[in-house]
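A short write-up of the structure that comes next.
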Amino acid sequence: MRQGKDPLDEGAGIGGAGGLLRQPRAVWATAGASVVAFMGIGLVDPILPSIAKGLDATPSQVSLLFTSYFLITAVAMLVTGFVSSRIGGRKTLLVGLALVVVFAALAGTSNSVGELVGFRAGWGLGNALFVSTALAVIVGAAAGGSAAAILLYESALGLGMACGPLLGAVLGDAKWRYPFFGTAALMAIGFVAITAFLKEQPRPSRKTSLLDPVKALGHGGLASAAASAFFYNYAFFTVLAFTPFVLNMSPYKSGGVFFAWGVLLAVFSVLVAPRLQERFGSLKVLGGSLVLLAADLLVLGYGNHTTAVAATIASGAFIGLNNTVYTELALGVSDAPRPVASAGYNFVRWFAAAAAPYFAQKIEEWSDIHVPFVVAAGAAVLGAVIVWARRASLTREAGERQPAHAAEDGVSVFAD
């Protein structure tokens with residue numbers, strides 16, 4: 001287990017030298033485009049009922065918007081490293097952005113739910129190429145080392161998750177098609193910014209094969225992080241894709257709820273998570289947050305409407321904590337190159353994101369509206385159990401985020 005901090009991470013504070021806010025223009029351009037990419041995930045949240053009504057589709061059919069998107073994203077994770085190691089990070093980002101622009105615009109022209117699901121699949125391919133490469137580019141180009149880079153990436157994720165539902169609500173209140181056209185326009189701006197400000201990144205000395213991400217999962221720590229994240233993502237995307245139908249609110253109100261949810265996600269991922277990790281250690285923060293998320297999901301499933309709204313917003317805090325810790329684990333727990341480790345990790349976890357929206361709707365049809373949240377809570381608990389059971393294999397990266405007193409004593413807080 002590594003003790004102390006990575007020398008590259010010194011000075012990674014919010015405003016310090018080489019800190020979060022003092023970054024090259026290339027990093028800001030990539031991060032800005034990342035915000036829009038993550039906006040695309042939650043964009044459809046407040047307009048799911050409107051899409052169902054506009055295309056005369058059932059909730060289960062509309063849930064396939066998430067399933068097709070994340071299923072393609074998961075499989076594409078095996079391709080991203082293969083592509084970027086051959087054509088370079090900059091060109092991979094631009095290809096991904098171009099695909100998102102094209103398929104997001106086409107999604108707005110859909111006349112059936114089948115067409116929309118198909119276009120979302122193409123959108124998912126573009127997003128996978130962009131998002132996975134963007135993290136590697138930001139880590140490579142950011143001032144302040146990997147800690148500042150991860151915080152910046154998580155900031156982009158949180159801001160995108162917060163603004164996506166808001167944009168979907170504002171544009172979707174007029175017509176459900178407009179959010180798709182809006183995303184295409186914003187991603188086109190991101191394409192121009194990347195073209196103008198990002199220089200080609202050095203290519204790895206060794207080209208990545210299609211199977212390298214799968215081989216990387218042979219490392220016990222990375223496999224454990226991916227398995228835990230799989231169950232966590234099932235819980236996460238039950239909230240994101242199933243809750244809008246449960247709340248049954250207008251696009252504006254639903255967008256407001258998920259905007260508040262996204263703000264909490266951003267605040268807890270960027271500001272709160274690092275402080276809790278320093279005090280309690282990464283794995284205790286992760287395990288505790290997963291258990292609290294499970295409790296919150298049960299409250300969401302069995303509370304009245306006002307309670308469900310409050311629990312939905314509150315879940316953003318736990319999701320923000322989890323996202324930051326899981327990202328650090330995936331990037332640091334194994335000896336595999338970061339892009340390869342990230343691809344293998346995401347290959348596993350995005351399958352849960354594809355499954356949750358569809359199965360949550362089906363579980364409701366087979367039982368009642370409460371049971372999908374019980375299943376999601378159980379998934380979150382399983383994620384925590386894996387963290388506890390496999391804590392010894394997860395301590396490499398976690399050792400960099402152990403409590404100060406434990407580091408001074410030379411004792412791992414995860415050995416108990």
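Residue numbering restarts at 1 for every chain of the structure tokens, chains are lettered A, B, ... in their displayed order, and ligands are numbered from 1 as they appear.
Taking only C-alpha atoms, the non-local environment of A:Leu297 within 9 Å (same-chain residues fewer than 6 positions away omitted) comprises Ala235, Val239, Ala308, Ala311, Thr312, Ser315, Phe373, Val374, Ala376 and Ala377 of chain A.
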List the neighbours of stretch 361-363 of chain A out to 7 Å using only C-alpha atoms; skip same-chain residues closer than 5 positions along the sequence, and give me the result as a compact mmCIF listing (two decimals) with N, CA, C and O atoms, in the first residue's frame.
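selection_3.txt written:
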```txt
# COMPACT_ATOMS: atom_id res chain seq x y z
N PRO A 59 -43.84 3.65 -20.49
CA PRO A 59 -42.65 3.95 -19.71
C PRO A 59 -41.51 2.96 -19.94
O PRO A 59 -40.34 3.35 -20.00
N SER A 60 -41.84 1.69 -20.09
CA SER A 60 -40.80 0.69 -20.34
C SER A 60 -40.09 0.95 -21.66
O SER A 60 -38.87 0.80 -21.77
N PHE A 242 -35.86 6.10 -13.17
CA PHE A 242 -37.17 5.63 -12.75
C PHE A 242 -37.94 6.67 -11.93
O PHE A 242 -39.17 6.77 -12.04
N VAL A 371 -41.18 -1.70 -4.94
CA VAL A 371 -40.18 -2.76 -5.04
C VAL A 371 -38.93 -2.35 -5.82
O VAL A 371 -37.81 -2.74 -5.44
N PRO A 372 -39.04 -1.57 -6.92
CA PRO A 372 -37.80 -1.17 -7.61
C PRO A 372 -36.81 -0.46 -6.70
O PRO A 372 -35.59 -0.63 -6.85
```
Which stretch 322-356 of chain A residues have any atom within 9 Å of an atom of stretch 283-293 of chain A, and for each, what is the nearest pair of atoms with distance in Å to one decimal, counting only C-alpha atoms, rows sorted by chain and number, as JSON lines?
```
{"residue": "A:Asn322", "atom": "CA", "partner": "A:Leu286", "partner_atom": "CA", "distance": 5.8}
{"residue": "A:Val325", "atom": "CA", "partner": "A:Leu286", "partner_atom": "CA", "distance": 6.6}
{"residue": "A:Tyr326", "atom": "CA", "partner": "A:Leu286", "partner_atom": "CA", "distance": 8.0}
```
Spatial neighbours of A:Ala156, 8 Å, only C-alpha atoms, chain gap at least 5 places, as a ChimeraX atom specification: /A:31-32,34-35,38
Can you write just those residues out, N, CA, C and O atoms, as a PDB file, in the first residue's frame?
```
ATOM      1  N   ALA A  31     -12.767  20.286 -20.237  1.00  0.00           N
ATOM      2  CA  ALA A  31     -13.705  20.212 -19.117  1.00  0.00           C
ATOM      3  C   ALA A  31     -15.061  20.804 -19.500  1.00  0.00           C
ATOM      4  O   ALA A  31     -16.115  20.283 -19.114  1.00  0.00           O
ATOM      5  N   GLY A  32     -15.049  21.912 -20.254  1.00  0.00           N
ATOM      6  CA  GLY A  32     -16.308  22.521 -20.682  1.00  0.00           C
ATOM      7  C   GLY A  32     -17.117  21.594 -21.574  1.00  0.00           C
ATOM      8  O   GLY A  32     -18.337  21.461 -21.413  1.00  0.00           O
ATOM      9  N   SER A  34     -16.860  18.424 -21.480  1.00  0.00           N
ATOM     10  CA  SER A  34     -17.277  17.322 -20.602  1.00  0.00           C
ATOM     11  C   SER A  34     -18.574  17.666 -19.878  1.00  0.00           C
ATOM     12  O   SER A  34     -19.422  16.796 -19.652  1.00  0.00           O
ATOM     13  N   VAL A  35     -18.718  18.936 -19.478  1.00  0.00           N
ATOM     14  CA  VAL A  35     -19.961  19.367 -18.832  1.00  0.00           C
ATOM     15  C   VAL A  35     -21.149  19.060 -19.735  1.00  0.00           C
ATOM     16  O   VAL A  35     -22.161  18.498 -19.300  1.00  0.00           O
ATOM     17  N   PHE A  38     -21.880  15.301 -20.015  1.00  0.00           N
ATOM     18  CA  PHE A  38     -22.615  14.774 -18.869  1.00  0.00           C
ATOM     19  C   PHE A  38     -24.030  15.339 -18.787  1.00  0.00           C
ATOM     20  O   PHE A  38     -24.922  14.700 -18.229  1.00  0.00           O
TER      21      PHE A  38
END
```
From stretch 76-311 of chain A, collect each residue whose DSSP state is helix (DSSP H, G or I) and return the set as a count of residues only. 199
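Distance annotation: of A:Val263, A:Ala105, A:Val75, A:Ala174, the residue with the minimal separation from A:Leu159 is A:Val263; atom set is only C-alpha atoms.
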Please provide as a VMD selection string all residues within 12 Å of A:Ala33, with the sequence filter that same-chain residues fewer than 2 positions apart are discarded (counting only C-alpha atoms). chain A and resid 26 to 31 35 to 40 93 to 94 96 to 98 100 to 101 127 130 to 131 133 to 135 138 153 156 to 157 159 to 160 183 to 195 197 to 198
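If you measure from each of A:Gln201, A:Val257, A:Phe231, A:Glu328 to A:Cys163 using only C-alpha atoms, the closest one turns out to be A:Val257.
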